[in-house]
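K.L.:
Please find work_30.pdb (PDB, C-alpha atoms and all ligand atoms) on the next line:
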```pdb
MODEL        1
ATOM      1  CA  MET Z  27     -68.335 -34.016-177.806  1.00  0.00           C
ATOM      2  CA  PRO Z  28     -67.331 -30.870-176.047  1.00  0.00           C
ATOM      3  CA  THR Z  29     -67.356 -30.115-172.376  1.00  0.00           C
ATOM      4  CA  ILE Z  30     -67.556 -26.503-171.279  1.00  0.00           C
ATOM      5  CA  ALA Z  31     -66.711 -25.679-167.669  1.00  0.00           C
ATOM      6  CA  ILE Z  32     -68.019 -22.401-166.311  1.00  0.00           C
ATOM      7  CA  ALA Z  33     -65.519 -21.598-163.606  1.00  0.00           C
ATOM      8  CA  SER Z  34     -64.371 -18.778-161.393  1.00  0.00           C
ATOM      9  CA  PRO Z  35     -63.299 -18.647-157.768  1.00  0.00           C
ATOM     10  CA  LYS Z  36     -65.252 -15.378-157.553  1.00  0.00           C
ATOM     11  CA  GLY Z  37     -68.732 -15.842-156.117  1.00  0.00           C
ATOM     12  CA  GLY Z  38     -71.637 -14.096-157.808  1.00  0.00           C
ATOM     13  CA  SER Z  39     -69.747 -13.438-161.026  1.00  0.00           C
ATOM     14  CA  GLY Z  40     -72.567 -14.744-163.230  1.00  0.00           C
ATOM     15  CA  LYS Z  41     -71.498 -18.390-163.687  1.00  0.00           C
ATOM     16  CA  SER Z  42     -74.905 -20.036-163.255  1.00  0.00           C
ATOM     17  CA  THR Z  43     -76.629 -17.376-165.352  1.00  0.00           C
ATOM     18  CA  THR Z  44     -74.039 -17.853-168.095  1.00  0.00           C
ATOM     19  CA  ALA Z  45     -74.474 -21.640-167.881  1.00  0.00           C
ATOM     20  CA  VAL Z  46     -78.261 -21.391-168.283  1.00  0.00           C
ATOM     21  CA  ILE Z  47     -78.051 -18.844-171.100  1.00  0.00           C
ATOM     22  CA  LEU Z  48     -75.498 -20.947-172.961  1.00  0.00           C
ATOM     23  CA  GLY Z  49     -77.265 -24.272-172.391  1.00  0.00           C
ATOM     24  CA  THR Z  50     -80.683 -22.997-173.412  1.00  0.00           C
ATOM     25  CA  GLU Z  51     -79.350 -21.172-176.478  1.00  0.00           C
ATOM     26  CA  LEU Z  52     -77.405 -24.198-177.703  1.00  0.00           C
ATOM     27  CA  ALA Z  53     -80.482 -26.398-177.183  1.00  0.00           C
ATOM     28  CA  HIS Z  54     -82.646 -23.807-178.940  1.00  0.00           C
ATOM     29  CA  ALA Z  55     -80.219 -24.067-181.874  1.00  0.00           C
ATOM     30  CA  GLY Z  56     -80.700 -27.868-181.951  1.00  0.00           C
ATOM     31  CA  ALA Z  57     -77.895 -29.247-179.752  1.00  0.00           C
ATOM     32  CA  HIS Z  58     -78.357 -31.870-177.052  1.00  0.00           C
ATOM     33  CA  VAL Z  59     -77.059 -30.410-173.820  1.00  0.00           C
ATOM     34  CA  THR Z  60     -76.323 -32.023-170.474  1.00  0.00           C
ATOM     35  CA  MET Z  61     -75.918 -29.535-167.657  1.00  0.00           C
ATOM     36  CA  LEU Z  62     -74.060 -30.642-164.550  1.00  0.00           C
ATOM     37  CA  ASP Z  63     -74.863 -28.830-161.331  1.00  0.00           C
ATOM     38  CA  CYS Z  64     -71.684 -29.062-159.277  1.00  0.00           C
ATOM     39  CA  ASP Z  65     -72.548 -26.267-156.860  1.00  0.00           C
ATOM     40  CA  PRO Z  66     -73.874 -27.209-153.404  1.00  0.00           C
ATOM     41  CA  ASN Z  67     -76.059 -24.093-153.669  1.00  0.00           C
ATOM     42  CA  ARG Z  68     -77.843 -25.824-156.562  1.00  0.00           C
ATOM     43  CA  SER Z  69     -78.576 -22.808-158.753  1.00  0.00           C
ATOM     44  CA  LEU Z  70     -78.972 -24.904-161.914  1.00  0.00           C
ATOM     45  CA  SER Z  71     -81.292 -27.309-160.133  1.00  0.00           C
ATOM     46  CA  LEU Z  72     -83.336 -24.361-158.916  1.00  0.00           C
ATOM     47  CA  TRP Z  73     -83.632 -23.119-162.492  1.00  0.00           C
ATOM     48  CA  ALA Z  74     -84.636 -26.623-163.650  1.00  0.00           C
ATOM     49  CA  SER Z  75     -87.310 -26.880-160.960  1.00  0.00           C
ATOM     50  CA  ARG Z  76     -88.880 -23.513-161.798  1.00  0.00           C
ATOM     51  CA  GLY Z  77     -90.386 -24.297-165.161  1.00  0.00           C
ATOM     52  CA  GLU Z  78     -90.377 -26.845-167.888  1.00  0.00           C
ATOM     53  CA  ILE Z  79     -86.846 -27.849-168.835  1.00  0.00           C
ATOM     54  CA  PRO Z  80     -86.458 -26.983-172.520  1.00  0.00           C
ATOM     55  CA  GLU Z  81     -86.316 -29.798-175.051  1.00  0.00           C
ATOM     56  CA  ARG Z  82     -82.914 -31.430-175.562  1.00  0.00           C
ATOM     57  CA  ILE Z  83     -81.643 -30.355-172.095  1.00  0.00           C
ATOM     58  CA  LYS Z  84     -80.850 -32.693-169.235  1.00  0.00           C
ATOM     59  CA  VAL Z  85     -79.847 -31.402-165.813  1.00  0.00           C
ATOM     60  CA  LEU Z  86     -77.930 -33.612-163.398  1.00  0.00           C
ATOM     61  CA  SER Z  87     -77.742 -32.336-159.813  1.00  0.00           C
ATOM     62  CA  ASP Z  88     -75.386 -32.840-156.909  1.00  0.00           C
ATOM     63  CA  ILE Z  89     -72.392 -34.018-158.888  1.00  0.00           C
ATOM     64  CA  SER Z  90     -69.597 -34.570-156.411  1.00  0.00           C
ATOM     65  CA  GLU Z  91     -65.839 -34.445-156.623  1.00  0.00           C
ATOM     66  CA  SER Z  92     -65.663 -38.231-156.877  1.00  0.00           C
ATOM     67  CA  GLU Z  93     -68.266 -38.436-159.686  1.00  0.00           C
ATOM     68  CA  ILE Z  94     -67.360 -35.513-161.895  1.00  0.00           C
ATOM     69  CA  ILE Z  95     -64.831 -37.124-164.227  1.00  0.00           C
ATOM     70  CA  LYS Z  96     -66.896 -40.280-164.751  1.00  0.00           C
ATOM     71  CA  THR Z  97     -70.064 -38.239-165.311  1.00  0.00           C
ATOM     72  CA  ILE Z  98     -68.400 -36.018-167.906  1.00  0.00           C
ATOM     73  CA  LYS Z  99     -66.903 -39.018-169.694  1.00  0.00           C
ATOM     74  CA  ASN Z 100     -70.271 -40.808-169.774  1.00  0.00           C
ATOM     75  CA  HIS Z 101     -72.037 -37.853-171.278  1.00  0.00           C
ATOM     76  CA  ASP Z 102     -69.585 -36.287-173.637  1.00  0.00           C
ATOM     77  CA  GLN Z 103     -69.467 -39.539-175.633  1.00  0.00           C
ATOM     78  CA  ASP Z 104     -73.123 -39.384-176.594  1.00  0.00           C
ATOM     79  CA  GLY Z 105     -72.924 -36.490-179.016  1.00  0.00           C
ATOM     80  CA  GLU Z 106     -73.985 -34.064-176.335  1.00  0.00           C
ATOM     81  CA  ILE Z 107     -72.539 -30.778-175.218  1.00  0.00           C
ATOM     82  CA  VAL Z 108     -71.768 -30.908-171.505  1.00  0.00           C
ATOM     83  CA  ILE Z 109     -71.904 -27.695-169.497  1.00  0.00           C
ATOM     84  CA  VAL Z 110     -70.538 -27.756-165.961  1.00  0.00           C
ATOM     85  CA  ASP Z 111     -71.666 -25.109-163.469  1.00  0.00           C
ATOM     86  CA  LEU Z 112     -69.258 -24.821-160.546  1.00  0.00           C
ATOM     87  CA  GLU Z 113     -69.250 -23.292-157.095  1.00  0.00           C
ATOM     88  CA  GLY Z 114     -67.605 -19.870-156.722  1.00  0.00           C
ATOM     89  CA  VAL Z 115     -64.689 -21.317-154.777  1.00  0.00           C
ATOM     90  CA  ALA Z 116     -61.454 -22.933-155.950  1.00  0.00           C
ATOM     91  CA  THR Z 117     -61.999 -26.598-155.068  1.00  0.00           C
ATOM     92  CA  ARG Z 118     -60.663 -29.922-156.255  1.00  0.00           C
ATOM     93  CA  LEU Z 119     -64.018 -30.413-157.979  1.00  0.00           C
ATOM     94  CA  MET Z 120     -63.335 -27.253-159.985  1.00  0.00           C
ATOM     95  CA  SER Z 121     -59.853 -28.502-160.936  1.00  0.00           C
ATOM     96  CA  ARG Z 122     -61.230 -31.876-161.999  1.00  0.00           C
ATOM     97  CA  ALA Z 123     -63.903 -30.272-164.167  1.00  0.00           C
ATOM     98  CA  ILE Z 124     -61.283 -27.989-165.724  1.00  0.00           C
ATOM     99  CA  SER Z 125     -59.100 -31.022-166.473  1.00  0.00           C
ATOM    100  CA  GLN Z 126     -61.923 -32.518-168.583  1.00  0.00           C
ATOM    101  CA  ALA Z 127     -62.918 -29.304-170.340  1.00  0.00           C
ATOM    102  CA  ASP Z 128     -62.542 -28.478-174.010  1.00  0.00           C
ATOM    103  CA  LEU Z 129     -63.244 -24.877-173.094  1.00  0.00           C
ATOM    104  CA  VAL Z 130     -63.261 -23.075-169.755  1.00  0.00           C
ATOM    105  CA  ILE Z 131     -65.360 -19.926-169.621  1.00  0.00           C
ATOM    106  CA  THR Z 132     -64.859 -17.478-166.772  1.00  0.00           C
ATOM    107  CA  PRO Z 133     -67.653 -14.957-166.432  1.00  0.00           C
ATOM    108  CA  MET Z 134     -66.634 -11.761-164.671  1.00  0.00           C
ATOM    109  CA  ARG Z 135     -68.007  -8.349-163.937  1.00  0.00           C
ATOM    110  CA  ALA Z 136     -65.848  -5.641-165.457  1.00  0.00           C
ATOM    111  CA  THR Z 137     -64.594  -4.324-162.130  1.00  0.00           C
ATOM    112  CA  THR Z 138     -61.058  -4.417-160.807  1.00  0.00           C
ATOM    113  CA  LEU Z 139     -61.920  -6.634-157.844  1.00  0.00           C
ATOM    114  CA  ASP Z 140     -63.819  -9.174-159.913  1.00  0.00           C
ATOM    115  CA  ALA Z 141     -61.212  -9.216-162.667  1.00  0.00           C
ATOM    116  CA  THR Z 142     -58.405  -9.743-160.158  1.00  0.00           C
ATOM    117  CA  VAL Z 143     -60.122 -12.655-158.428  1.00  0.00           C
ATOM    118  CA  GLY Z 144     -61.512 -14.041-161.702  1.00  0.00           C
ATOM    119  CA  ALA Z 145     -58.058 -14.027-163.294  1.00  0.00           C
ATOM    120  CA  ARG Z 146     -56.983 -16.589-160.690  1.00  0.00           C
ATOM    121  CA  THR Z 147     -58.857 -19.113-162.817  1.00  0.00           C
ATOM    122  CA  LEU Z 148     -55.909 -18.782-165.203  1.00  0.00           C
ATOM    123  CA  HIS Z 149     -53.545 -20.183-162.573  1.00  0.00           C
ATOM    124  CA  LEU Z 150     -55.879 -23.083-161.854  1.00  0.00           C
ATOM    125  CA  ILE Z 151     -55.998 -23.850-165.567  1.00  0.00           C
ATOM    126  CA  GLN Z 152     -52.219 -23.630-165.892  1.00  0.00           C
ATOM    127  CA  GLU Z 153     -51.842 -26.172-163.081  1.00  0.00           C
ATOM    128  CA  GLU Z 154     -54.145 -28.591-164.899  1.00  0.00           C
ATOM    129  CA  GLU Z 155     -52.346 -27.968-168.191  1.00  0.00           C
ATOM    130  CA  GLU Z 156     -49.044 -28.852-166.561  1.00  0.00           C
ATOM    131  CA  ALA Z 157     -50.515 -32.007-165.028  1.00  0.00           C
ATOM    132  CA  LEU Z 158     -52.159 -33.097-168.292  1.00  0.00           C
ATOM    133  CA  GLY Z 159     -49.558 -31.918-170.777  1.00  0.00           C
ATOM    134  CA  ARG Z 160     -52.202 -30.370-173.038  1.00  0.00           C
ATOM    135  CA  PRO Z 161     -53.507 -26.857-173.480  1.00  0.00           C
ATOM    136  CA  ILE Z 162     -56.968 -26.119-172.086  1.00  0.00           C
ATOM    137  CA  PRO Z 163     -58.707 -23.395-174.099  1.00  0.00           C
ATOM    138  CA  PHE Z 164     -59.891 -20.563-171.889  1.00  0.00           C
ATOM    139  CA  ALA Z 165     -62.025 -17.485-172.467  1.00  0.00           C
ATOM    140  CA  ILE Z 166     -63.543 -14.735-170.402  1.00  0.00           C
ATOM    141  CA  VAL Z 167     -66.980 -13.213-170.813  1.00  0.00           C
ATOM    142  CA  PHE Z 168     -67.846  -9.932-169.171  1.00  0.00           C
ATOM    143  CA  THR Z 169     -71.210 -10.164-167.446  1.00  0.00           C
ATOM    144  CA  MET Z 170     -73.751  -7.693-166.150  1.00  0.00           C
ATOM    145  CA  THR Z 171     -72.250  -4.973-168.301  1.00  0.00           C
ATOM    146  CA  LYS Z 172     -74.027  -1.718-169.133  1.00  0.00           C
ATOM    147  CA  ALA Z 173     -74.705  -0.254-172.548  1.00  0.00           C
ATOM    148  CA  ILE Z 174     -72.089   2.426-171.921  1.00  0.00           C
ATOM    149  CA  ARG Z 175     -68.668   1.027-171.077  1.00  0.00           C
ATOM    150  CA  SER Z 176     -66.978   2.371-167.967  1.00  0.00           C
ATOM    151  CA  LYS Z 177     -63.311   3.394-168.062  1.00  0.00           C
ATOM    152  CA  GLN Z 178     -62.662   0.563-165.618  1.00  0.00           C
ATOM    153  CA  HIS Z 179     -64.203  -1.892-168.074  1.00  0.00           C
ATOM    154  CA  SER Z 180     -62.090  -0.622-170.980  1.00  0.00           C
ATOM    155  CA  GLY Z 181     -58.941  -0.735-168.830  1.00  0.00           C
ATOM    156  CA  ILE Z 182     -59.566  -4.310-167.703  1.00  0.00           C
ATOM    157  CA  ASP Z 183     -60.445  -5.350-171.238  1.00  0.00           C
ATOM    158  CA  SER Z 184     -57.212  -3.998-172.729  1.00  0.00           C
ATOM    159  CA  SER Z 185     -55.085  -5.305-169.864  1.00  0.00           C
ATOM    160  CA  LEU Z 186     -56.477  -8.841-170.310  1.00  0.00           C
ATOM    161  CA  ARG Z 187     -56.141  -8.685-174.090  1.00  0.00           C
ATOM    162  CA  GLY Z 188     -52.552  -7.489-173.607  1.00  0.00           C
ATOM    163  CA  GLN Z 189     -51.916 -10.681-171.651  1.00  0.00           C
ATOM    164  CA  GLY Z 190     -53.296 -12.699-174.562  1.00  0.00           C
ATOM    165  CA  VAL Z 191     -56.564 -13.606-172.831  1.00  0.00           C
ATOM    166  CA  ASP Z 192     -59.437 -14.518-175.152  1.00  0.00           C
ATOM    167  CA  ILE Z 193     -62.488 -12.350-174.439  1.00  0.00           C
ATOM    168  CA  ILE Z 194     -65.805 -13.539-175.846  1.00  0.00           C
ATOM    169  CA  GLN Z 195     -67.833 -10.938-177.679  1.00  0.00           C
ATOM    170  CA  PRO Z 196     -70.566  -9.952-177.073  1.00  0.00           C
ATOM    171  CA  ASP Z 197     -70.608  -9.414-173.298  1.00  0.00           C
ATOM    172  CA  LEU Z 198     -73.637 -10.712-171.424  1.00  0.00           C
ATOM    173  CA  MET Z 199     -75.234  -7.426-170.529  1.00  0.00           C
ATOM    174  CA  GLU Z 200     -77.182  -6.736-167.375  1.00  0.00           C
ATOM    175  CA  ARG Z 201     -80.704  -7.687-168.388  1.00  0.00           C
ATOM    176  CA  THR Z 202     -83.852  -8.442-166.459  1.00  0.00           C
ATOM    177  CA  ALA Z 203     -84.606 -11.346-168.786  1.00  0.00           C
ATOM    178  CA  PHE Z 204     -81.350 -13.018-167.767  1.00  0.00           C
ATOM    179  CA  SER Z 205     -81.940 -12.817-164.021  1.00  0.00           C
ATOM    180  CA  SER Z 206     -85.597 -13.803-164.592  1.00  0.00           C
ATOM    181  CA  LEU Z 207     -84.521 -17.191-165.965  1.00  0.00           C
ATOM    182  CA  PHE Z 208     -84.248 -18.280-162.321  1.00  0.00           C
ATOM    183  CA  GLU Z 209     -87.730 -16.995-161.570  1.00  0.00           C
ATOM    184  CA  PHE Z 210     -89.573 -18.600-164.476  1.00  0.00           C
ATOM    185  CA  GLY Z 211     -87.277 -21.449-165.487  1.00  0.00           C
ATOM    186  CA  GLY Z 212     -87.318 -22.482-169.160  1.00  0.00           C
ATOM    187  CA  ASP Z 213     -85.590 -20.256-171.660  1.00  0.00           C
ATOM    188  CA  LEU Z 214     -85.684 -16.722-173.012  1.00  0.00           C
ATOM    189  CA  TYR Z 215     -88.315 -17.744-175.564  1.00  0.00           C
ATOM    190  CA  SER Z 216     -90.741 -19.409-173.167  1.00  0.00           C
ATOM    191  CA  MET Z 217     -90.758 -16.838-170.355  1.00  0.00           C
ATOM    192  CA  PRO Z 218     -93.223 -13.949-170.108  1.00  0.00           C
ATOM    193  CA  ALA Z 219     -91.584 -10.910-171.728  1.00  0.00           C
ATOM    194  CA  GLN Z 220     -89.142  -9.204-169.371  1.00  0.00           C
ATOM    195  CA  GLY Z 221     -87.629  -5.885-170.401  1.00  0.00           C
ATOM    196  CA  ASN Z 222     -86.453  -5.860-173.982  1.00  0.00           C
ATOM    197  CA  ALA Z 223     -86.934  -9.583-174.653  1.00  0.00           C
ATOM    198  CA  LYS Z 224     -85.709  -9.452-178.247  1.00  0.00           C
ATOM    199  CA  ALA Z 225     -82.481  -7.696-177.246  1.00  0.00           C
ATOM    200  CA  ALA Z 226     -81.864 -10.324-174.558  1.00  0.00           C
ATOM    201  CA  GLN Z 227     -82.505 -13.159-177.017  1.00  0.00           C
ATOM    202  CA  ASP Z 228     -80.127 -11.603-179.564  1.00  0.00           C
ATOM    203  CA  ASN Z 229     -77.464 -11.026-176.904  1.00  0.00           C
ATOM    204  CA  ALA Z 230     -77.738 -14.630-175.696  1.00  0.00           C
ATOM    205  CA  SER Z 231     -77.799 -16.082-179.191  1.00  0.00           C
ATOM    206  CA  HIS Z 232     -74.733 -14.118-180.364  1.00  0.00           C
ATOM    207  CA  PHE Z 233     -72.881 -15.132-177.207  1.00  0.00           C
ATOM    208  CA  ALA Z 234     -73.717 -18.827-177.758  1.00  0.00           C
ATOM    209  CA  GLN Z 235     -72.619 -18.586-181.398  1.00  0.00           C
ATOM    210  CA  ALA Z 236     -69.301 -17.075-180.315  1.00  0.00           C
ATOM    211  CA  VAL Z 237     -68.804 -19.998-177.904  1.00  0.00           C
ATOM    212  CA  LEU Z 238     -69.767 -22.552-180.551  1.00  0.00           C
ATOM    213  CA  LYS Z 239     -67.291 -21.025-182.988  1.00  0.00           C
ATOM    214  CA  ARG Z 240     -64.487 -21.536-180.460  1.00  0.00           C
ATOM    215  CA  LEU Z 241     -65.472 -25.184-180.012  1.00  0.00           C
ATOM    216  CA  LEU Z 242     -65.615 -25.790-183.758  1.00  0.00           C
ATOM    217  CA  ASP Z 243     -62.253 -24.058-184.308  1.00  0.00           C
ATOM    218  CA  GLU Z 244     -60.850 -26.227-181.544  1.00  0.00           C
ATOM    219  CA  LEU Z 245     -62.184 -29.439-183.093  1.00  0.00           C
ATOM    220  CA  SER Z 246     -60.831 -28.536-186.527  1.00  0.00           C
ATOM    221  CA  GLU Z 247     -57.303 -27.959-185.176  1.00  0.00           C
ATOM    222  CA  PRO Z 248     -55.038 -30.944-185.734  1.00  0.00           C
ATOM    223  CA  GLN Z 249     -54.604 -32.773-182.405  1.00  0.00           C
ATOM    224  CA  GLY Z 250     -51.176 -32.705-180.810  1.00  0.00           C
ATOM    225  CA  ASP Z 251     -50.074 -29.954-183.149  1.00  0.00           C
ATOM    226  CA  GLN Z 252     -50.660 -27.088-180.779  1.00  0.00           C
ATOM    227  CA  ALA Z 253     -47.788 -24.889-179.709  1.00  0.00           C
TER     228      ALA Z 253
HETATM  229  N1  LIG Z 301     -76.318 -10.767-167.249  1.00  0.00           N
HETATM  230  C1  LIG Z 301     -77.040 -10.599-166.119  1.00  0.00           C
HETATM  231  N2  LIG Z 301     -78.047  -9.710-166.082  1.00  0.00           N
HETATM  232  C2  LIG Z 301     -78.763  -9.506-164.953  1.00  0.00           C
HETATM  233  N3  LIG Z 301     -78.520 -10.138-163.788  1.00  0.00           N
HETATM  234  C3  LIG Z 301     -77.521 -11.039-163.757  1.00  0.00           C
HETATM  235  C4  LIG Z 301     -76.734 -11.340-164.922  1.00  0.00           C
HETATM  236  N4  LIG Z 301     -75.809 -12.277-164.586  1.00  0.00           N
HETATM  237  C5  LIG Z 301     -76.018 -12.567-163.292  1.00  0.00           C
HETATM  238  N5  LIG Z 301     -77.035 -11.834-162.785  1.00  0.00           N
HETATM  239  C6  LIG Z 301     -77.535 -11.859-161.384  1.00  0.00           C
HETATM  240  O1  LIG Z 301     -76.374 -11.734-160.540  1.00  0.00           O
HETATM  241  C7  LIG Z 301     -76.470 -12.625-159.447  1.00  0.00           C
HETATM  242  C8  LIG Z 301     -75.299 -13.620-159.467  1.00  0.00           C
HETATM  243  O2  LIG Z 301     -75.385 -14.372-160.654  1.00  0.00           O
HETATM  244  P1  LIG Z 301     -75.096 -15.938-160.682  1.00  0.00           P
HETATM  245  O3  LIG Z 301     -75.840 -16.661-159.632  1.00  0.00           O
HETATM  246  O4  LIG Z 301     -75.262 -16.374-162.100  1.00  0.00           O
HETATM  247  O5  LIG Z 301     -73.532 -15.923-160.300  1.00  0.00           O
HETATM  248  P2  LIG Z 301     -72.638 -17.169-159.863  1.00  0.00           P
HETATM  249  O6  LIG Z 301     -71.256 -16.823-160.299  1.00  0.00           O
HETATM  250  O7  LIG Z 301     -73.215 -18.412-160.378  1.00  0.00           O
HETATM  251  O8  LIG Z 301     -72.752 -17.130-158.278  1.00  0.00           O
HETATM  252  P3  LIG Z 301     -72.210 -18.258-157.256  1.00  0.00           P
HETATM  253  O9  LIG Z 301     -70.728 -18.029-157.165  1.00  0.00           O
HETATM  254  O10 LIG Z 301     -72.940 -17.954-155.998  1.00  0.00           O
HETATM  255  O11 LIG Z 301     -72.530 -19.591-157.855  1.00  0.00           O
HETATM  256  C9  LIG Z 301     -77.822 -13.305-159.556  1.00  0.00           C
HETATM  257  O12 LIG Z 301     -78.738 -12.577-158.771  1.00  0.00           O
HETATM  258  C10 LIG Z 301     -78.173 -13.189-161.039  1.00  0.00           C
HETATM  259  O13 LIG Z 301     -79.572 -13.151-161.249  1.00  0.00           O
HETATM  260 MG    MG Z 302     -73.671 -20.206-159.398  1.00  0.00          MG
ENDMDL
END
```
What would the structure in this file look like if it were written as structure tokens?
Ligand SMILES: Nc1ncnc2c1ncn2[C@@H]1O[C@H](COP(=O)(O)OP(=O)(O)OP(=O)(O)O)[C@@H](O)[C@H]1O
Ligand SMILES: [Mg+2]
P.N.:
Amino acid sequence: MPTIAIASPKGGSGKSTTAVILGTELAHAGAHVTMLDCDPNRSLSLWASRGEIPERIKVLSDISESEIIKTIKNHDQDGEIVIVDLEGVATRLMSRAISQADLVITPMRATTLDATVGARTLHLIQEEEEALGRPIPFAIVFTMTKAIRSKQHSGIDSSLRGQGVDIIQPDLMERTAFSSLFEFGGDLYSMPAQGNAKAAQDNASHFAQAVLKRLLDELSEPQGDQA
């Protein structure tokens, strides 16, 4: 079953928030999800310790460089979706997780600095693709976006699309409910209402559906027949 690596060498780009939103939404929709905390700062573990871990989610902490491949292989055989949350630094652990991924998602703020650093994930993926001899599907999600798009955002969006980069729609907007996941733990349905809770739930759910669609499209493609 699929492994999704949430990766970017840019710190604070929204990786752990994206991982929790995606994991909790997929579990809410009925999937069994194993979340691997591969960041020494332990954001996922902090989230897990804050409230009750939602049904169908398992969180494994402190996964090291030497354990990552074995851990992914053990879990993605059990009909689970594996989500890997990585540190905001390009490490060998990041490369190993990318090498096992069926989809790499790079969250980034829609600013020039973040997009420039975030786009380096592409090079890391290309290195793994060369080593493995298989394509590794990759997509970007803009995070912490505002209701009104800045010119910078539109420029970055069209530049990335021009380079053939897959951009997940919808963006994960800047929402109090999303940052509050780390205060209350649990998911967007169990926490006390923060801001426009329904809008946050819809945003998260549509994002997770867009990710799931990519995984299903991927699985339905004939293996070894990719250009
Ligand atoms: N969509 C969002 N809406 C509101 N706040 C957000 C959103 N995404 C991230 N944040 C906030 O931005 C900060 C950084 O987010 P997060 O920890 O998810 O990034 P990260 O890429 O995992 O960071 P690191 O590189 O340190 O692991 C946090 O304070 C988080 O609460
Ligand atoms: Mg993080």
K.L.:
If you count all atoms listed in the file, which residues fall within 8 Å of Ile47 in chain Z, apart from same-chain ones fewer than 5 positions away, as a list in words?
P.N.:
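So, after excluding close chain neighbours, the residues are Phe204, Asp213, Ala230 and Ala234 of chain Z.
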K.L.:
Using the chain letters and numbering of this document, enumerate as a list of chain:residue names the residues selected by the PyMOL selection byres (((chain Z and resi 37) around 10) and not hetatm).
P.N.:
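Checked against the file, the PyMOL selection byres (((chain Z and resi 37) around 10) and not hetatm) matches Z:Ala33, Z:Ser34, Z:Pro35, Z:Lys36, Z:Gly38, Z:Ser39, Z:Gly40, Z:Lys41, Z:Glu113, Z:Gly114, Z:Val115, Z:Met134, Z:Asp140, Z:Val143, Z:Gly144.
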K.L.:
Just the number, please: distance in Å from CA of Asn67 in chain Z to atom O9 of ligand LIG 301 (chain Z), one decimal.
P.N.:
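Here the two named atoms are 8.8 Å from each other.
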K.L.:
Check which residues satisfy the PyMOL selection byres (((chain Z and resi 97) around 12) and not hetatm) in the file shown, then give them as a PDB file with C-alpha atoms, in the frame of the given file.
P.N.:
```
ATOM      1  CA  THR Z  29     -67.356 -30.115-172.376  1.00  0.00           C
ATOM      2  CA  THR Z  60     -76.323 -32.023-170.474  1.00  0.00           C
ATOM      3  CA  MET Z  61     -75.918 -29.535-167.657  1.00  0.00           C
ATOM      4  CA  LEU Z  62     -74.060 -30.642-164.550  1.00  0.00           C
ATOM      5  CA  ASP Z  63     -74.863 -28.830-161.331  1.00  0.00           C
ATOM      6  CA  CYS Z  64     -71.684 -29.062-159.277  1.00  0.00           C
ATOM      7  CA  VAL Z  85     -79.847 -31.402-165.813  1.00  0.00           C
ATOM      8  CA  LEU Z  86     -77.930 -33.612-163.398  1.00  0.00           C
ATOM      9  CA  SER Z  87     -77.742 -32.336-159.813  1.00  0.00           C
ATOM     10  CA  ASP Z  88     -75.386 -32.840-156.909  1.00  0.00           C
ATOM     11  CA  ILE Z  89     -72.392 -34.018-158.888  1.00  0.00           C
ATOM     12  CA  SER Z  90     -69.597 -34.570-156.411  1.00  0.00           C
ATOM     13  CA  GLU Z  91     -65.839 -34.445-156.623  1.00  0.00           C
ATOM     14  CA  SER Z  92     -65.663 -38.231-156.877  1.00  0.00           C
ATOM     15  CA  GLU Z  93     -68.266 -38.436-159.686  1.00  0.00           C
ATOM     16  CA  ILE Z  94     -67.360 -35.513-161.895  1.00  0.00           C
ATOM     17  CA  ILE Z  95     -64.831 -37.124-164.227  1.00  0.00           C
ATOM     18  CA  LYS Z  96     -66.896 -40.280-164.751  1.00  0.00           C
ATOM     19  CA  ILE Z  98     -68.400 -36.018-167.906  1.00  0.00           C
ATOM     20  CA  LYS Z  99     -66.903 -39.018-169.694  1.00  0.00           C
ATOM     21  CA  ASN Z 100     -70.271 -40.808-169.774  1.00  0.00           C
ATOM     22  CA  HIS Z 101     -72.037 -37.853-171.278  1.00  0.00           C
ATOM     23  CA  ASP Z 102     -69.585 -36.287-173.637  1.00  0.00           C
ATOM     24  CA  GLN Z 103     -69.467 -39.539-175.633  1.00  0.00           C
ATOM     25  CA  ASP Z 104     -73.123 -39.384-176.594  1.00  0.00           C
ATOM     26  CA  VAL Z 108     -71.768 -30.908-171.505  1.00  0.00           C
ATOM     27  CA  ILE Z 109     -71.904 -27.695-169.497  1.00  0.00           C
ATOM     28  CA  VAL Z 110     -70.538 -27.756-165.961  1.00  0.00           C
ATOM     29  CA  ARG Z 122     -61.230 -31.876-161.999  1.00  0.00           C
ATOM     30  CA  ALA Z 123     -63.903 -30.272-164.167  1.00  0.00           C
ATOM     31  CA  GLN Z 126     -61.923 -32.518-168.583  1.00  0.00           C
TER      32      GLN Z 126
END
```
K.L.:
So which one's closest to ligand LIG 301 (chain Z), Z:Leu242, Z:Ile182, Z:Ile32, Z:Ile194? Using only C-alpha atoms and all ligand atoms, please.
P.N.:
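Smallest separation from ligand LIG 301 (chain Z) among the options: Z:Ile32.
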K.L.:
Report the residues retrieved by the PyMOL selection byres (((chain Z and resi 217-226) around 10) and not hetatm) from the displayed file, expressed as a list in words.
P.N.:
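On the file shown, the PyMOL selection byres (((chain Z and resi 217-226) around 10) and not hetatm) covers Ile47, Gly77, Leu198, Met199, Glu200, Arg201, Thr202, Ala203, Phe204, Ser205, Ser206, Leu207, Glu209, Phe210, Gly211, Gly212, Asp213, Leu214, Tyr215, Ser216, Gln227, Asp228, Asn229, Ala230, Ser231 and His232 of chain Z.
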K.L.:
Which one is closest to ligand LIG 301 (chain Z): Z:Glu154, Z:Glu51, Z:Glu81, Z:Asp197? Count only C-alpha atoms and all ligand atoms.
P.N.:
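Checking each candidate against ligand LIG 301 (chain Z), we get Z:Asp197 as the closest.
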K.L.:
Point out the residue among Z:Arg187, Z:Lys177, Z:Arg240, Z:Arg68 with the least atom-to-atom distance to ligand MG 302 (chain Z), counting all atoms listed in the file.
P.N.:
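Ranking Z:Arg187, Z:Lys177, Z:Arg240, Z:Arg68 by distance to ligand MG 302 (chain Z), first place goes to Z:Arg68.
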K.L.:
Between Z:Leu186, Z:Ala53, Z:Trp73, Z:Asp243, which is the closest to Thr142 in chain Z once you count all atoms listed in the file?
P.N.:
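Of Z:Leu186, Z:Ala53, Z:Trp73, Z:Asp243, the one nearest Thr142 in chain Z is Z:Leu186, counting all atoms listed in the file.
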